[in-house]
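Structure record follows, encoded as structure tokens.
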Amino acid sequence: MERTTYFVDVIIPLAVPKKYTYRVPVDLNEDVEIGKRALVQFGKSKFYSGIIYAIHNNAPKDYVAKYIESVLDERPVVLEQQLKLWDWIAFYYMCGAGEVMNAALPSALKLSSISHIQLNPQFNFEECEHDYFSEKEHVLIEHLHQTDTLSFDEGVKLLKIKTIHKTVSDLLKKKAIVVLEEIKEKYKPKLVPFIKLKPQYLNEPKLKETLDKLESKAFKQAEALLYFLHLNKTGEHKIKEWIKKSELLSKCDNSSINSLIKKNILEEQKFEVGRLQFENSEIFKKELTPPQKIALKEIKETLLKYDATLLHGVTGSGKTEIYAALIEEAINNGQQVLYLVPEIALTTQLTTRMRAYFGDKAGVYHSKFSENERVEIWNNVLNQNEEIKEKDYCVVIGARSALFLPFKNLGLIIIDEEHDYSFKQHDPSPRYHARDSAIFLATLHKAKVLLGSGTPSLESFNNAVTGKYGFVELTQKYSDHLSNETVICDVKYFELTHQKNTILTPPLFDAVKEALKNKEQVILFQNRRGFAPYTECHSCGWIPHCVQCDVSLIYHKNSNKLMCHYCGYTTSPPKVCSACGHNDLRYKGLGTEKIEEEVEILFPEARISRMDLDSTRSKFAYKQIIEDFEEKNIDILIGTQMVTKGLDFDHVSVVGILNADTLLNFPDFRSHERAYQLITQVSGRAGRKHKKGRVYIQTSQPAHPLLQYIINGDQRLFYSNQLAERKQYHYPPFSRLIELNVVSKDVNIVNNLSEELVINLKKIFLKDVLGPQFPLISKIRNNYYKRILIKVDKSLSLSQTRNFIGEEINRLHAQNKSSNFKVQIDIDPY
């Protein structure tokens, strides 16, 4: 019987322009299937696990096809619907399928010959039967018991075979090893301090005697003990075993509680509490308010008519409760739900809420998880069948990477804070927008999309008012009678009248002081991390710059280093000026570290924490800060834009925006839209739940029109004026933008080739080609950048536009083969 010769097109996880065709060995004919991983050789000696994209009988015409080495999976790890999404992202964002694969798959599913492995510290080898591992697996395990890590190349030499990818893949499935990149911070149980009364004080006369003594000698301790007894008394007037220490701290100071512990009146002990438990889940299971019920009804009606609906709900209106009702309905219909959020920080609170609603049916997926955890969630979603089992994740909460999970029965996508800039991937390619990609994903699954925001993007708002999307408004807050008071603090006025001697203007200082006195919490917002944005010689004005980038170095006091936030270059602060030799070097500007230091001096009794990229690098750092703030272990939270993104805190009464001018004056056609969104969002952190909040905006431009829109609550008028401006100057949503960056280490190559490219592009796009020009930061990691911006009329064919731009870039490369450069393409760049 004649055997069929098959060929497969394979996506390789590299930035190559097309898929490569490989021949299938006859003995693997039955194993190949679209979506499985195949081990293939690429180049002379490198091996990669690629995804089988297509199976056919056509040999390539331009080269001799190599054989695939092996098939790594028993069943597909990527579904055909996902491959369609990958195709669309590769087409729309003008990148290779391999780049999309790199963004989509967890690293543990992308084995290559440059990977390293080590034993999984959580695997118990002693419990395994002798025949659980194959002979090759035993050799690798024995070697790993003696050495910390093993590279794939070392494994090849050890086993004396061509490749070890199949053996490694089998060991990964058995969870006996991990890819080295996976070893991140491990799960730490959350330990919460609890307090109880010492047994000898359960005797009422003894307790009364102790209280009398404390009242005469240590009144604050007596107050603390009385409040403890008040919290501990149940309906039958019996004292419970334990209560949370944080409950006591809401009314009593820590020193009084600790004194009672030292005197052996109270006992403290830490207990492990599940990180995803939410004890007061009834808070989020309240009956919807009448406005929420109306909004929910309208959303359901519009989703029958439209594939996507925009929910414009003001900050604090309770959008999350509406989302939960829609998710519950989808789950009851046997569907999966994807809940996208812009920041990993948001998943912390949302997971808690969703677990309160849906228990173990709510899963989380984002880049701070180890690769092992990400693969487990990937497989959980992948292996779901028609009938949803108890441990299946029916709703997945995640940042933009959750978009790529292998959903089989996706019924609803919720995109919370849809306006947020973090949904856009900037580097590396693919430079996709998760919101727009999610809308395409929904069309593949015939699912519905709900976009939610208190400050929608102008694109989504325009789509809603022009009838492309459904549109539902929720204008009433959860507690509508409690609206925030906004105060504009004129920095120039206070400086001229010598009233501003600190980073806080007098009104903001007094407000913080009053909030602390009332045991309320404060958020201070400054969108710049580090201690000081730059260091300056007071004598000649010299400023130390990064040796690899065109930016000043930012001083970080915690590490006592000058750091570049673009390439990571660090150096010690200079003791003398490199230009004039003078030793009077001063730190200028205001970063979150410096604010933290100054606020500690202004309010020494306050417990202060910082939430920025530097303080949240580890996996659980977000969670720890948010939990501490929720439990009132932090009085003042200082943060960058991380604190603006939908977080819901009960006890915040004051929000201070320390420098609104940096938001208002950024040279970008979106700067006013972004400033409006950011100021409105951070203002929304005040006065949540049942408290009126006050928002203080420090600025030297108190009459700026944008601030007037915010004070007057004229969002519709602001959006209408912005849309009129965009239409006049042909900017999105009335056109598409494509940004090209010519990049090279040689500035002359960048100048010459960018000019050449613009001349050719203007043949088609005429005056809608802007540039070339150097961006604000023209050099990063020793590479020079020159930017070209193309405004593409929406009437033009997407396919023809991309083909023309691609041809011009290819022509530029063909005509300048001796020059070392690249052209980066960014569709919808801002």
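To be explicit about the labels: the chains of the structure tokens are called A, B, and onward in the order shown, and within each one the residues are counted from 1, while ligands get numbers from 1 in the order they are shown.
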### Message
So that I can check the surroundings of range 519-529 of chain A, please list as a ChimeraX atom specification every protein, DNA and RNA residue that reaches within 6 Å of it, counting only C-alpha atoms and ignoring chain neighbours fewer than 4 positions away.
### Response
/A:515,591-592,635-641,651-652,654-658
### Task
Write down as a ChimeraX atom specification the residues of range 518-732 of chain A whose backbone DSSP state falls under alpha helix (DSSP H).
/A:592-602,621-630,661-664,671-683,705-712,715-729
### Message
Could you go through range 111-232 of chain A and tell me which residues DSSP, when run on the backbone, assigns to strand (DSSP E or B), listing them as a PyMOL selection string?
### Response
chain A and resi 112+116-119+150-151+177-179+190-197
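Take CA of Ile780 in chain A and CA of Ile749 in chain A: the distance between them is 15.7 Å.
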### Query
Which of these, A:Tyr719, A:Phe42, A:Phe765, A:Tyr785, has the shortest distance to Val743 in chain A once you count only C-alpha atoms?
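Closest to Val743 in chain A of all the choices is A:Tyr785.
The spacing separating CA of Thr505 in chain A from CA of Gln698 in chain A amounts to 7.4 Å.
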### Task
With a distance cut-off of 6 Å and only C-alpha atoms, select the neighbouring residues of Ala447 in chain A, excluding the residue or stretch itself and same-chain residues fewer than 3 positions from it, and output the selection as an MDAnalysis selection string.
chainID A and resid 411:412 442
May I have the residues from that selection written out with all heavy atoms, as a PDB file, in the first residue's frame?
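What follows is the written file out-v4.pdb:
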ATOM      1  N   GLY A 411     -18.697  33.273  25.129  1.00  0.00           N
ATOM      2  CA  GLY A 411     -19.998  33.905  24.905  1.00  0.00           C
ATOM      3  C   GLY A 411     -20.004  35.396  25.161  1.00  0.00           C
ATOM      4  O   GLY A 411     -20.824  36.129  24.606  1.00  0.00           O
ATOM      5  N   LEU A 412     -19.088  35.880  26.028  1.00  0.00           N
ATOM      6  CA  LEU A 412     -19.094  37.295  26.417  1.00  0.00           C
ATOM      7  C   LEU A 412     -17.672  37.754  26.694  1.00  0.00           C
ATOM      8  O   LEU A 412     -16.898  37.044  27.344  1.00  0.00           O
ATOM      9  CB  LEU A 412     -19.962  37.485  27.673  1.00  0.00           C
ATOM     10  CG  LEU A 412     -19.999  38.881  28.295  1.00  0.00           C
ATOM     11  CD1 LEU A 412     -20.687  39.884  27.347  1.00  0.00           C
ATOM     12  CD2 LEU A 412     -20.718  38.862  29.645  1.00  0.00           C
ATOM     13  N   ALA A 442     -14.271  38.232  19.330  1.00  0.00           N
ATOM     14  CA  ALA A 442     -15.696  38.001  19.582  1.00  0.00           C
ATOM     15  C   ALA A 442     -16.424  37.596  18.295  1.00  0.00           C
ATOM     16  O   ALA A 442     -17.317  36.744  18.320  1.00  0.00           O
ATOM     17  CB  ALA A 442     -16.331  39.246  20.183  1.00  0.00           C
TER      18      ALA A 442
END
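Counting only C-alpha atoms and comparing A:Ile710, A:Ile554, A:Leu338, A:Val547, the residue that lies closest to Asn783 in chain A is A:Val547.
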Report as a PDB file with all heavy atoms, in the first residue's frame all protein, DNA and RNA residues lying within 8 Å of range 568-574 of chain A, evaluated on only C-alpha atoms, omitting residues in the same chain fewer than 6 positions from it.
ATOM      1  N   CYS A 546      21.934  59.413  30.029  1.00  0.00           N
ATOM      2  CA  CYS A 546      22.222  58.003  29.774  1.00  0.00           C
ATOM      3  C   CYS A 546      23.236  57.899  28.639  1.00  0.00           C
ATOM      4  O   CYS A 546      23.172  58.662  27.663  1.00  0.00           O
ATOM      5  CB  CYS A 546      20.938  57.258  29.407  1.00  0.00           C
ATOM      6  SG  CYS A 546      21.203  55.531  28.960  1.00  0.00           S
ATOM      7  N   VAL A 547      24.180  56.960  28.761  1.00  0.00           N
ATOM      8  CA  VAL A 547      25.200  56.793  27.722  1.00  0.00           C
ATOM      9  C   VAL A 547      24.629  56.113  26.478  1.00  0.00           C
ATOM     10  O   VAL A 547      25.236  56.145  25.411  1.00  0.00           O
ATOM     11  CB  VAL A 547      26.405  55.972  28.252  1.00  0.00           C
ATOM     12  CG1 VAL A 547      27.113  56.726  29.361  1.00  0.00           C
ATOM     13  CG2 VAL A 547      25.962  54.586  28.720  1.00  0.00           C
ATOM     14  N   GLN A 548      23.438  55.473  26.624  1.00  0.00           N
ATOM     15  CA  GLN A 548      22.855  54.739  25.503  1.00  0.00           C
ATOM     16  C   GLN A 548      21.580  55.372  24.954  1.00  0.00           C
ATOM     17  O   GLN A 548      21.138  55.029  23.861  1.00  0.00           O
ATOM     18  CB  GLN A 548      22.520  53.299  25.934  1.00  0.00           C
ATOM     19  CG  GLN A 548      23.735  52.520  26.419  1.00  0.00           C
ATOM     20  CD  GLN A 548      23.388  51.117  26.863  1.00  0.00           C
ATOM     21  OE1 GLN A 548      23.894  50.151  26.326  1.00  0.00           O
ATOM     22  NE2 GLN A 548      22.507  50.997  27.841  1.00  0.00           N
ATOM     23  N   TYR A 555      17.237  59.852  39.440  1.00  0.00           N
ATOM     24  CA  TYR A 555      17.849  59.433  40.700  1.00  0.00           C
ATOM     25  C   TYR A 555      16.856  58.603  41.517  1.00  0.00           C
ATOM     26  O   TYR A 555      15.721  59.009  41.733  1.00  0.00           O
ATOM     27  CB  TYR A 555      18.284  60.652  41.505  1.00  0.00           C
ATOM     28  CG  TYR A 555      18.885  60.302  42.855  1.00  0.00           C
ATOM     29  CD1 TYR A 555      20.003  59.470  42.943  1.00  0.00           C
ATOM     30  CD2 TYR A 555      18.340  60.789  44.036  1.00  0.00           C
ATOM     31  CE1 TYR A 555      20.549  59.135  44.172  1.00  0.00           C
ATOM     32  CE2 TYR A 555      18.887  60.467  45.266  1.00  0.00           C
ATOM     33  CZ  TYR A 555      19.991  59.639  45.329  1.00  0.00           C
ATOM     34  OH  TYR A 555      20.528  59.312  46.541  1.00  0.00           O
ATOM     35  N   ASN A 560      20.322  54.437  45.713  1.00  0.00           N
ATOM     36  CA  ASN A 560      21.377  55.448  45.530  1.00  0.00           C
ATOM     37  C   ASN A 560      22.034  55.309  44.154  1.00  0.00           C
ATOM     38  O   ASN A 560      23.253  55.272  44.017  1.00  0.00           O
ATOM     39  CB  ASN A 560      22.435  55.354  46.636  1.00  0.00           C
ATOM     40  CG  ASN A 560      23.362  56.575  46.633  1.00  0.00           C
ATOM     41  OD1 ASN A 560      22.940  57.675  46.290  1.00  0.00           O
ATOM     42  ND2 ASN A 560      24.625  56.358  46.977  1.00  0.00           N
ATOM     43  N   LYS A 561      21.195  55.231  43.123  1.00  0.00           N
ATOM     44  CA  LYS A 561      21.675  55.076  41.751  1.00  0.00           C
ATOM     45  C   LYS A 561      20.961  56.056  40.823  1.00  0.00           C
ATOM     46  O   LYS A 561      19.810  56.437  41.058  1.00  0.00           O
ATOM     47  CB  LYS A 561      21.407  53.646  41.234  1.00  0.00           C
ATOM     48  CG  LYS A 561      22.186  52.550  41.956  1.00  0.00           C
ATOM     49  CD  LYS A 561      23.640  52.532  41.549  1.00  0.00           C
ATOM     50  CE  LYS A 561      24.377  51.368  42.193  1.00  0.00           C
ATOM     51  NZ  LYS A 561      25.817  51.390  41.882  1.00  0.00           N
ATOM     52  N   LEU A 562      21.677  56.464  39.782  1.00  0.00           N
ATOM     53  CA  LEU A 562      21.048  57.152  38.667  1.00  0.00           C
ATOM     54  C   LEU A 562      20.651  56.082  37.657  1.00  0.00           C
ATOM     55  O   LEU A 562      21.456  55.207  37.327  1.00  0.00           O
ATOM     56  CB  LEU A 562      22.012  58.152  38.015  1.00  0.00           C
ATOM     57  CG  LEU A 562      22.428  59.363  38.859  1.00  0.00           C
ATOM     58  CD1 LEU A 562      23.426  60.208  38.095  1.00  0.00           C
ATOM     59  CD2 LEU A 562      21.221  60.211  39.240  1.00  0.00           C
TER      60      LEU A 562
END
### Query
Counting only C-alpha atoms, which of A:Glu605, A:Glu142, A:Glu321, A:Glu371 gets nearest to Arg353 in chain A?
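Among the listed residues, A:Glu321 lies closest to Arg353 in chain A.
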### Closest of A:Pro456, A:Thr315, A:Val487, A:Leu340 to Asn712 in chain A - atom-to-atom distances counting only C-alpha atoms
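Ranking A:Pro456, A:Thr315, A:Val487, A:Leu340 by distance to Asn712 in chain A, first place goes to A:Val487.
Using only C-alpha atoms, the protein and nucleic acid residues lying no more than 10 Å from Gln122 in chain A, apart from those fewer than 2 places from it along its own chain, are Leu119, Asn120, Asn124, Phe125, Lys175, Ala176 and Ile177 of chain A.
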9 Å contact set for range 426-431 of chain A, only C-alpha atoms, chain neighbours under 4 positions out, as a PDB file with all heavy atoms, in the first residue's frame:
ATOM      1  N   ALA A  15      10.826  36.315  14.609  1.00  0.00           N
ATOM      2  CA  ALA A  15      10.334  37.438  13.796  1.00  0.00           C
ATOM      3  C   ALA A  15      10.706  37.221  12.330  1.00  0.00           C
ATOM      4  O   ALA A  15      11.515  37.950  11.748  1.00  0.00           O
ATOM      5  CB  ALA A  15      10.916  38.745  14.317  1.00  0.00           C
ATOM      6  N   ILE A  89      -4.269  39.396  13.610  1.00  0.00           N
ATOM      7  CA  ILE A  89      -3.312  40.301  14.274  1.00  0.00           C
ATOM      8  C   ILE A  89      -2.082  40.501  13.388  1.00  0.00           C
ATOM      9  O   ILE A  89      -1.596  41.616  13.228  1.00  0.00           O
ATOM     10  CB  ILE A  89      -2.922  39.757  15.670  1.00  0.00           C
ATOM     11  CG1 ILE A  89      -4.115  39.889  16.627  1.00  0.00           C
ATOM     12  CG2 ILE A  89      -1.705  40.492  16.233  1.00  0.00           C
ATOM     13  CD1 ILE A  89      -3.896  39.286  17.996  1.00  0.00           C
ATOM     14  N   ALA A  90      -1.583  39.416  12.781  1.00  0.00           N
ATOM     15  CA  ALA A  90      -0.410  39.524  11.894  1.00  0.00           C
ATOM     16  C   ALA A  90      -0.717  40.418  10.695  1.00  0.00           C
ATOM     17  O   ALA A  90       0.118  41.230  10.279  1.00  0.00           O
ATOM     18  CB  ALA A  90       0.029  38.139  11.430  1.00  0.00           C
ATOM     19  N   TYR A  93      -1.746  44.319  12.136  1.00  0.00           N
ATOM     20  CA  TYR A  93      -0.629  45.043  12.767  1.00  0.00           C
ATOM     21  C   TYR A  93       0.691  44.851  12.013  1.00  0.00           C
ATOM     22  O   TYR A  93       1.748  45.239  12.512  1.00  0.00           O
ATOM     23  CB  TYR A  93      -0.501  44.631  14.237  1.00  0.00           C
ATOM     24  CG  TYR A  93      -1.702  45.091  15.044  1.00  0.00           C
ATOM     25  CD1 TYR A  93      -2.713  44.201  15.384  1.00  0.00           C
ATOM     26  CD2 TYR A  93      -1.845  46.417  15.414  1.00  0.00           C
ATOM     27  CE1 TYR A  93      -3.836  44.626  16.093  1.00  0.00           C
ATOM     28  CE2 TYR A  93      -2.959  46.856  16.124  1.00  0.00           C
ATOM     29  CZ  TYR A  93      -3.954  45.961  16.452  1.00  0.00           C
ATOM     30  OH  TYR A  93      -5.065  46.397  17.150  1.00  0.00           O
ATOM     31  N   MET A  94       0.618  44.246  10.813  1.00  0.00           N
ATOM     32  CA  MET A  94       1.755  44.130   9.905  1.00  0.00           C
ATOM     33  C   MET A  94       2.985  43.525  10.580  1.00  0.00           C
ATOM     34  O   MET A  94       4.038  44.162  10.703  1.00  0.00           O
ATOM     35  CB  MET A  94       2.088  45.490   9.279  1.00  0.00           C
ATOM     36  CG  MET A  94       0.966  46.035   8.409  1.00  0.00           C
ATOM     37  SD  MET A  94       1.376  47.581   7.575  1.00  0.00           S
ATOM     38  CE  MET A  94       2.571  47.008   6.360  1.00  0.00           C
ATOM     39  N   CYS A  95       2.830  42.295  11.061  1.00  0.00           N
ATOM     40  CA  CYS A  95       3.943  41.607  11.709  1.00  0.00           C
ATOM     41  C   CYS A  95       3.908  40.138  11.291  1.00  0.00           C
ATOM     42  O   CYS A  95       3.004  39.706  10.569  1.00  0.00           O
ATOM     43  CB  CYS A  95       3.852  41.735  13.227  1.00  0.00           C
ATOM     44  SG  CYS A  95       2.374  40.991  13.938  1.00  0.00           S
ATOM     45  N   GLY A  96       4.881  39.358  11.737  1.00  0.00           N
ATOM     46  CA  GLY A  96       4.937  37.947  11.393  1.00  0.00           C
ATOM     47  C   GLY A  96       4.109  37.096  12.338  1.00  0.00           C
ATOM     48  O   GLY A  96       3.900  37.456  13.504  1.00  0.00           O
ATOM     49  N   GLU A  99       5.851  36.265  15.580  1.00  0.00           N
ATOM     50  CA  GLU A  99       5.819  37.296  16.627  1.00  0.00           C
ATOM     51  C   GLU A  99       4.515  37.215  17.416  1.00  0.00           C
ATOM     52  O   GLU A  99       4.502  37.421  18.638  1.00  0.00           O
ATOM     53  CB  GLU A  99       5.984  38.675  15.985  1.00  0.00           C
ATOM     54  CG  GLU A  99       7.367  38.892  15.384  1.00  0.00           C
ATOM     55  CD  GLU A  99       7.453  40.163  14.551  1.00  0.00           C
ATOM     56  OE1 GLU A  99       6.817  40.227  13.477  1.00  0.00           O
ATOM     57  OE2 GLU A  99       8.161  41.083  14.981  1.00  0.00           O
ATOM     58  N   VAL A 100       3.410  36.917  16.722  1.00  0.00           N
ATOM     59  CA  VAL A 100       2.129  36.747  17.420  1.00  0.00           C
ATOM     60  C   VAL A 100       2.194  35.516  18.313  1.00  0.00           C
ATOM     61  O   VAL A 100       1.741  35.538  19.464  1.00  0.00           O
ATOM     62  CB  VAL A 100       0.965  36.621  16.418  1.00  0.00           C
ATOM     63  CG1 VAL A 100      -0.361  36.508  17.165  1.00  0.00           C
ATOM     64  CG2 VAL A 100       0.925  37.810  15.466  1.00  0.00           C
ATOM     65  N   ASN A 102       4.791  34.288  19.759  1.00  0.00           N
ATOM     66  CA  ASN A 102       5.599  34.633  20.934  1.00  0.00           C
ATOM     67  C   ASN A 102       4.780  35.357  21.988  1.00  0.00           C
ATOM     68  O   ASN A 102       4.958  35.147  23.188  1.00  0.00           O
ATOM     69  CB  ASN A 102       6.782  35.515  20.519  1.00  0.00           C
ATOM     70  CG  ASN A 102       8.057  34.716  20.390  1.00  0.00           C
ATOM     71  OD1 ASN A 102       8.233  33.705  21.064  1.00  0.00           O
ATOM     72  ND2 ASN A 102       8.944  35.135  19.516  1.00  0.00           N
ATOM     73  N   ALA A 103       3.881  36.243  21.538  1.00  0.00           N
ATOM     74  CA  ALA A 103       3.046  36.983  22.483  1.00  0.00           C
ATOM     75  C   ALA A 103       1.960  36.106  23.074  1.00  0.00           C
ATOM     76  O   ALA A 103       1.548  36.285  24.216  1.00  0.00           O
ATOM     77  CB  ALA A 103       2.415  38.186  21.784  1.00  0.00           C
ATOM     78  N   GLN A 824      10.377  49.842  12.003  1.00  0.00           N
ATOM     79  CA  GLN A 824       9.335  49.354  12.910  1.00  0.00           C
ATOM     80  C   GLN A 824       7.987  49.913  12.468  1.00  0.00           C
ATOM     81  O   GLN A 824       7.865  51.097  12.150  1.00  0.00           O
ATOM     82  CB  GLN A 824       9.616  49.809  14.345  1.00  0.00           C
ATOM     83  CG  GLN A 824      10.778  49.106  14.990  1.00  0.00           C
ATOM     84  CD  GLN A 824      10.994  49.558  16.426  1.00  0.00           C
ATOM     85  OE1 GLN A 824      10.381  50.521  16.885  1.00  0.00           O
ATOM     86  NE2 GLN A 824      11.873  48.877  17.130  1.00  0.00           N
ATOM     87  N   ILE A 825       6.979  49.043  12.455  1.00  0.00           N
ATOM     88  CA  ILE A 825       5.631  49.439  12.030  1.00  0.00           C
ATOM     89  C   ILE A 825       4.703  49.388  13.234  1.00  0.00           C
ATOM     90  O   ILE A 825       4.663  48.392  13.956  1.00  0.00           O
ATOM     91  CB  ILE A 825       5.096  48.499  10.935  1.00  0.00           C
ATOM     92  CG1 ILE A 825       6.096  48.400   9.774  1.00  0.00           C
ATOM     93  CG2 ILE A 825       3.734  48.963  10.433  1.00  0.00           C
ATOM     94  CD1 ILE A 825       5.765  47.310   8.765  1.00  0.00           C
ATOM     95  N   ASP A 826       3.971  50.481  13.448  1.00  0.00           N
ATOM     96  CA  ASP A 826       3.010  50.525  14.553  1.00  0.00           C
ATOM     97  C   ASP A 826       1.672  51.033  14.014  1.00  0.00           C
ATOM     98  O   ASP A 826       1.544  52.194  13.632  1.00  0.00           O
ATOM     99  CB  ASP A 826       3.526  51.442  15.666  1.00  0.00           C
ATOM    100  CG  ASP A 826       2.763  51.252  16.973  1.00  0.00           C
ATOM    101  OD1 ASP A 826       1.773  50.502  16.965  1.00  0.00           O
ATOM    102  OD2 ASP A 826       3.167  51.847  17.987  1.00  0.00           O
ATOM    103  N   ILE A 827       0.685  50.148  13.954  1.00  0.00           N
ATOM    104  CA  ILE A 827      -0.657  50.508  13.502  1.00  0.00           C
ATOM    105  C   ILE A 827      -1.457  51.025  14.700  1.00  0.00           C
ATOM    106  O   ILE A 827      -1.410  50.442  15.778  1.00  0.00           O
ATOM    107  CB  ILE A 827      -1.386  49.287  12.891  1.00  0.00           C
ATOM    108  CG1 ILE A 827      -0.495  48.570  11.860  1.00  0.00           C
ATOM    109  CG2 ILE A 827      -2.724  49.698  12.293  1.00  0.00           C
ATOM    110  CD1 ILE A 827      -0.178  49.348  10.618  1.00  0.00           C
ATOM    111  N   ASP A 828      -2.192  52.114  14.521  1.00  0.00           N
ATOM    112  CA  ASP A 828      -2.938  52.753  15.622  1.00  0.00           C
ATOM    113  C   ASP A 828      -2.000  52.989  16.807  1.00  0.00           C
ATOM    114  O   ASP A 828      -2.171  52.422  17.890  1.00  0.00           O
ATOM    115  CB  ASP A 828      -4.126  51.893  16.071  1.00  0.00           C
ATOM    116  CG  ASP A 828      -5.061  51.538  14.933  1.00  0.00           C
ATOM    117  OD1 ASP A 828      -5.151  52.327  13.980  1.00  0.00           O
ATOM    118  OD2 ASP A 828      -5.697  50.463  14.987  1.00  0.00           O
ATOM    119  N   PRO A 829      -0.958  53.829  16.613  1.00  0.00           N
ATOM    120  CA  PRO A 829       0.135  53.869  17.585  1.00  0.00           C
ATOM    121  C   PRO A 829      -0.176  54.543  18.910  1.00  0.00           C
ATOM    122  O   PRO A 829       0.515  54.295  19.881  1.00  0.00           O
ATOM    123  CB  PRO A 829       1.220  54.661  16.844  1.00  0.00           C
ATOM    124  CG  PRO A 829       0.472  55.509  15.867  1.00  0.00           C
ATOM    125  CD  PRO A 829      -0.726  54.701  15.462  1.00  0.00           C
TER     126      PRO A 829
END
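From CA of Ser437 in chain A back to CA of Ala724 in chain A, the distance works out to 26.9 Å.
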